[in-house]
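See below for the structure under consideration.
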Amino acid sequence: MADAVQYRLERMSDELDDLERRGLFTRAELAEVVRRRRDFEFRLRRRSPLRADFLDYIAYELRLDALRDLRKRAIIRATPDSDHDDDDADDADEKKRRRRKKRKGGKKWKKSVSDVAGVLRVLDIYRMATVRYKGDLDLWFRYLEYCRDKRHGRMKQVLAQAIRYHPKVPGLWIYAAAWEFDQNLNVAAARALMQTGLRSCPESEDMWIEYLRMELTYLNKLKARKVALGEDVKTLQKKNDDSSTWKEENKELFMSLNEQDEGPEESGPQGVALEGKEDLFWQQGLLIIQTIYHGATGALPLSLTLRKKFLEILNSVDLAHSDELKVEVMDDLKKDFSHSEDYWDWFARLQLSDTTSSSNLNRKDALSNKLNKSIQVYDEAVRRLPTSRMYSLYAKFWMGVLFADSEDSIALFHGGELDASEFTLCILKVYQNAESCGCLTEDLACQYVSLYLRLGGLEEAPGRLEEAKNLAKKLCDGPLSHAADLWNLRTSIEIKSLVTATGSSAFSKENLSSLFDLFNVALSKLSLPEAEGLWHAAMKLFSHEKIYFEKLVKCAILALSSAGGNDCGASVSSAIVGWVLQRDGIKQTRKMYKRFLALPRPSLKFFQYCIELETNLASIGNGDSLVNARKLYDSALDIYPQKRELWRNYYNMELKVGTSETVNAIYWRARKVLNDSTALDIPRS
C-alpha cells in the first residue's frame with residue numbers, strides 16, 4: 001500500500017515544480033497539498049474504500065484547481081501593467097507586438113503540465129471510483145458530467161463503459177444520444193444509440209418519447225437550414241425575403257451546378273421538381289415518425305400515457321402533413337382504450353383546448369361550445385362504461401367547472417362569462433344517474449351530499465341545507481348504511497341544522513335526545529375502528545351531559561368487549577378517561593379506567609396511557625399515584641409478559657422513585673420471565 005501511494009506521489013513532482021516555478025503556490029503550500037493527497041491516497045488504498053472517500057478526494061482536487069486558476073488569472077492581469085503599457089515607446093510596431101503578446105498571455109504563461117494535471121487526476125479518481133462502485137449510477141453521471149464540462153476526449157469511452165455495465169437503464173442511453181446529437185453533432189450516432197437502447201429497453205416510455213423528440217428536432221434543424229438558404233420548406237420554392245435578396249446581391253459568391261444563370265423566376269419544370277423534392281423530404285420525415293409511433297405502440301400496447309405524449313408532441317410542433325398521423329393516433333386511442341375511464345376523461349377535457357370550431361365565435365359562445373362537446377363525450381362515456389370511477393371523473397369535471405377553489409379547478413370557466421348556477425342541474429343529474437345505476441360509492445355519496453351544502457352558499461339558498469340533510473338520511477338508511485364517512489357527514493349536518501334552527505349551540509333536551517339516538521344508531525352499525533371519529537365527536541358533544549355521557553360509556557364498554565385490545569379501542573377509552581379527568585377529578589378517573597381494565601384483554605396502549613397518567617401525578621406529589629402505577633405495571637405484565645419495553649419502563653421508573661430492593665426485584669423478575677440474561681439491556685444496579 002505504501003509503495004503504491006509513494007509511486008503516485010512521485011508522479012506529481014513535475015506538476016508541483018511547475019506550480020512553484022510559476023509562483024502559483026509557495027513551498028509550504030505545496031507541502032500541505034502533498035500531505036493532503038497522501039492522506040486521500042491512503043484512504044483509497046485501504047481494504048474497503050468508501051464512496052465518500054472518492055468524492056472527498058475529488059472535491060478537494062476541484063477546489064485546488066479552482067484556486068490555481070484564480071491565482072493564475074490574477075498574475076496575468078497584474079503582470080503586463082508595468083511592462084506593456086509604456087506610453088514612451090517610440091516604435092508603434094513594438095507596441096502592437098507587445099499587445100499581441102499580452103493577449104496570448106506571453107511566453108511565460110503558455111499551457112504547461114500544471115494546467116492539465118488537475119483535470120487528469122480528477123478523471124483518474126472517477127475511474128477508480130466507478131471500478132470500485134460499478135452499480136452506482138449517480139457516480140457514473142457525475143463522471144459523465146465532468147467529462148462533458150471539461151470537453152475531454154474520454155467522454156465516449158466513459159459512455160461506453162457506463163452503458164456496458166447498465167444496459168437496462170434508459171437514462172444512460174438518452175444521455176449518450178443527447179451528447180452525440182447536441183455536443184458531437186453526430187445525428188447518425190445518436191440515432192444508432194437510441195435504436196440500440198430501444199432494443200435493450202423496449203418498455204421505456206421515456207426512450208420512445210425522447211427518440212421522437214430527437215427526430216423532430218432534427219427535422220426542425222433541416223427546416224431552419226432551408227429557411228436560411230431562402231427556401232420555403234413547404235414548397236421548396238424561393239421566397240422573396242431578406243435571405244433571397246442577400247443572395248441576389250451576392251450571387252457572385254454562389255456557383256450554379258449546371259453553369260447556367262439562375263433568375264428569380266422559376267420555370268414550370270423546375271418548380272415541379274422542387275415540389276417533388278419537398279414531398280420526398282416530408283414523406284421521409286413522416287415515415288420516420290410513423291415508424292417510431294408503431295414501434296412504441298407495439299412495445300407498449302397498454303400505455304395510454306405514451307400515446308397522449310405522442311399526440312402532445314405532434315400538436316406542439318409545426319410539422320406539415322402530420323394531420324393524418326394525428327388522426328391515426330386518435331383512432332388507435334379510441335379503439336384500444338375505449339374500455340378505460342382515464343381515456344374518456346382525457347378525451348373530454350381535450351375538447352376544451354379545441355379551437356378549430358370556435359375561432360369565429362365570441363368568448364361566451366366559444367366556451368359554451370367547448371363545454372357542450374365535453375359533456376357529449378362524458379355522456380357517451382357513462383353509457384359505455386357505467387362504473388363508479390367514470391361517474392366520479394364526470395362529477396370531478398363538473399366540480400372544476402362550477403367551483404374555482406376545487407382541487408381540479410378549470411380556470412377557463414372562471415372568468416365571469418358563464419353563470420355557474422346554470423349548470424347546477426347538470427351535476428346533480430350525474431349523481432342521480434350514478435345512484436340509479438348502483439354506482440354510488442361512499443366517496444361519491446359524500447361528494448353528493450357536500451354538493452348541496454356548497455350550492456347553498458353559491459345560490460344563497462338556505463333550503464339546500466335541508467335537502468342535504470334529507471339526502472344524507474336517505475343514503476344512510478339505504479345501501480350505504482355502513483359508510484363511516486357518510487355517517488360523520490350526516491351527524492355534522494344534523495348538528496349544523498339544529499344550530500341554524502335554534503340560533504344557539506345550547507341544545508334542548510329533545511334535540512340532545514334526537515342527536516344521541518342518531519349517534520347510537522351510527523355507532524351500532526359501524527365497527528370500532530371505522531367509528532373512531534364518531535366516538536370522539538359524540539364525547540365532545542355530550543361531555544357535559546352526565547346522563548348521555550354515561551350512556552355513551554356503556555355503549556363504549558359493549559363495543560370494546562367485542563373488539564378486544566386493539567389500538568382504536570385504546571384511543572376511545574383513553575379519550576373517555578381524559579374527559580372524566582377534566583370534569584370530575586382523579587378519583588372518578590381511576591374508577592373509570594378500572595372499568596375499562598376489567599374488560600377482556602385490555603389494550604397495551606391503554607395500560608401505557610393510564611401508567612403515564614399516574615406517573616405524572618406522582619411527579620407532582622400525589623402519594624397514591626406511585627402505588628397505582630406499580631399495580632398497573634403488574635397488571636399489564638400479567639397480560640403482556642414478553643414485552644421488553646414494558647419491563648424496561650417499569651425498571652426505569654423504579655430507578656427514579658424506588659429503592660434498591662424494588663429495582664433488583666424488577667430486574668430478576670424480568671430476567672426470569674424473559675429467560676434472557678440481557679433482558680433489560682442495562683447492567684444490574
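Numbering starts fresh at 1 for the residues of each chain in the C-alpha cells, the chains themselves are lettered A, B, ... in the order given, and ligands are numbered from 1 as they appear.
If you count only C-alpha atoms and ignore residues fewer than 5 places along the chain from A:Leu604, what sits within 12 Å of it is Gly564, Gly565, Asn566, Asp567, Cys568, Gly569, Ala570, Ser571, Ser573, Ser574, Leu597, Tyr609, Cys610, Ile611, Leu632, Tyr633, Ser635, Ala636, Leu637, Asp638, Ile639, Tyr640, Pro641, Gln642, Lys643, Glu645 and Leu646 of chain A.
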Same residues, C-alpha atoms, output as a compact mmCIF listing (two decimals), in the first residue's frame:
```txt
# COMPACT_ATOMS: atom_id res chain seq x y z
CA GLY A 564 -60.75 -6.78 22.13
CA GLY A 565 -57.48 -4.99 22.83
CA ASN A 566 -56.90 -3.09 19.58
CA ASP A 567 -55.38 0.38 19.29
CA CYS A 568 -58.62 2.06 18.20
CA GLY A 569 -60.26 0.79 21.39
CA ALA A 570 -57.39 2.31 23.35
CA SER A 571 -57.97 5.65 21.64
CA SER A 573 -61.20 4.55 26.15
CA SER A 574 -58.29 6.97 26.67
CA LEU A 597 -59.31 -2.54 32.51
CA TYR A 609 -51.86 5.76 28.96
CA CYS A 610 -53.04 5.01 32.49
CA ILE A 611 -49.47 4.42 33.72
CA LEU A 632 -50.90 -1.01 36.60
CA TYR A 633 -47.45 -2.28 35.60
CA SER A 635 -51.48 -5.99 35.69
CA ALA A 636 -50.05 -5.16 32.27
CA LEU A 637 -47.17 -7.62 32.70
CA ASP A 638 -49.61 -10.35 33.67
CA ILE A 639 -51.29 -9.95 30.26
CA TYR A 640 -48.20 -8.98 28.19
CA PRO A 641 -45.27 -10.73 29.93
CA GLN A 642 -42.98 -10.78 26.87
CA LYS A 643 -43.00 -7.03 26.20
CA GLU A 645 -40.23 -2.26 26.57
CA LEU A 646 -42.81 -2.61 29.33
```
(request) Might you pull out every residue within 12 Å of A:Asn520, with only C-alpha atoms counted and same-chain residues fewer than 6 positions away left off, and present them as a ChimeraX atom specification? (result) /A:487,491,512-514,526,531,534-535,538,548-549,551-556,559
(message) According to DSSP computed on the backbone, where in stretch 324-484 of chain A is there helix (DSSP H, G or I)? Give the residues as a ChimeraX atom specification.
(response) /A:324-337,341-353,363-384,388-402,411-413,420-436,442-459,463-476,484
(message) With only C-alpha atoms as the counted atoms, please give the residues lying no more than 12 Å from A:Arg383, apart from itself and same-chain residues fewer than 4 positions off, as a VMD selection string.
(response) chain A and resid 338 to 339 341 344 376 to 379 387 390 to 391 430 433 to 434 437
(message) Please list as a PyMOL selection string every residue within 7 Å of stretch 10-15 of chain A, counting only C-alpha atoms and excluding residues in the same chain fewer than 4 positions away.
(response) chain A and resi 6+19+113-114+117
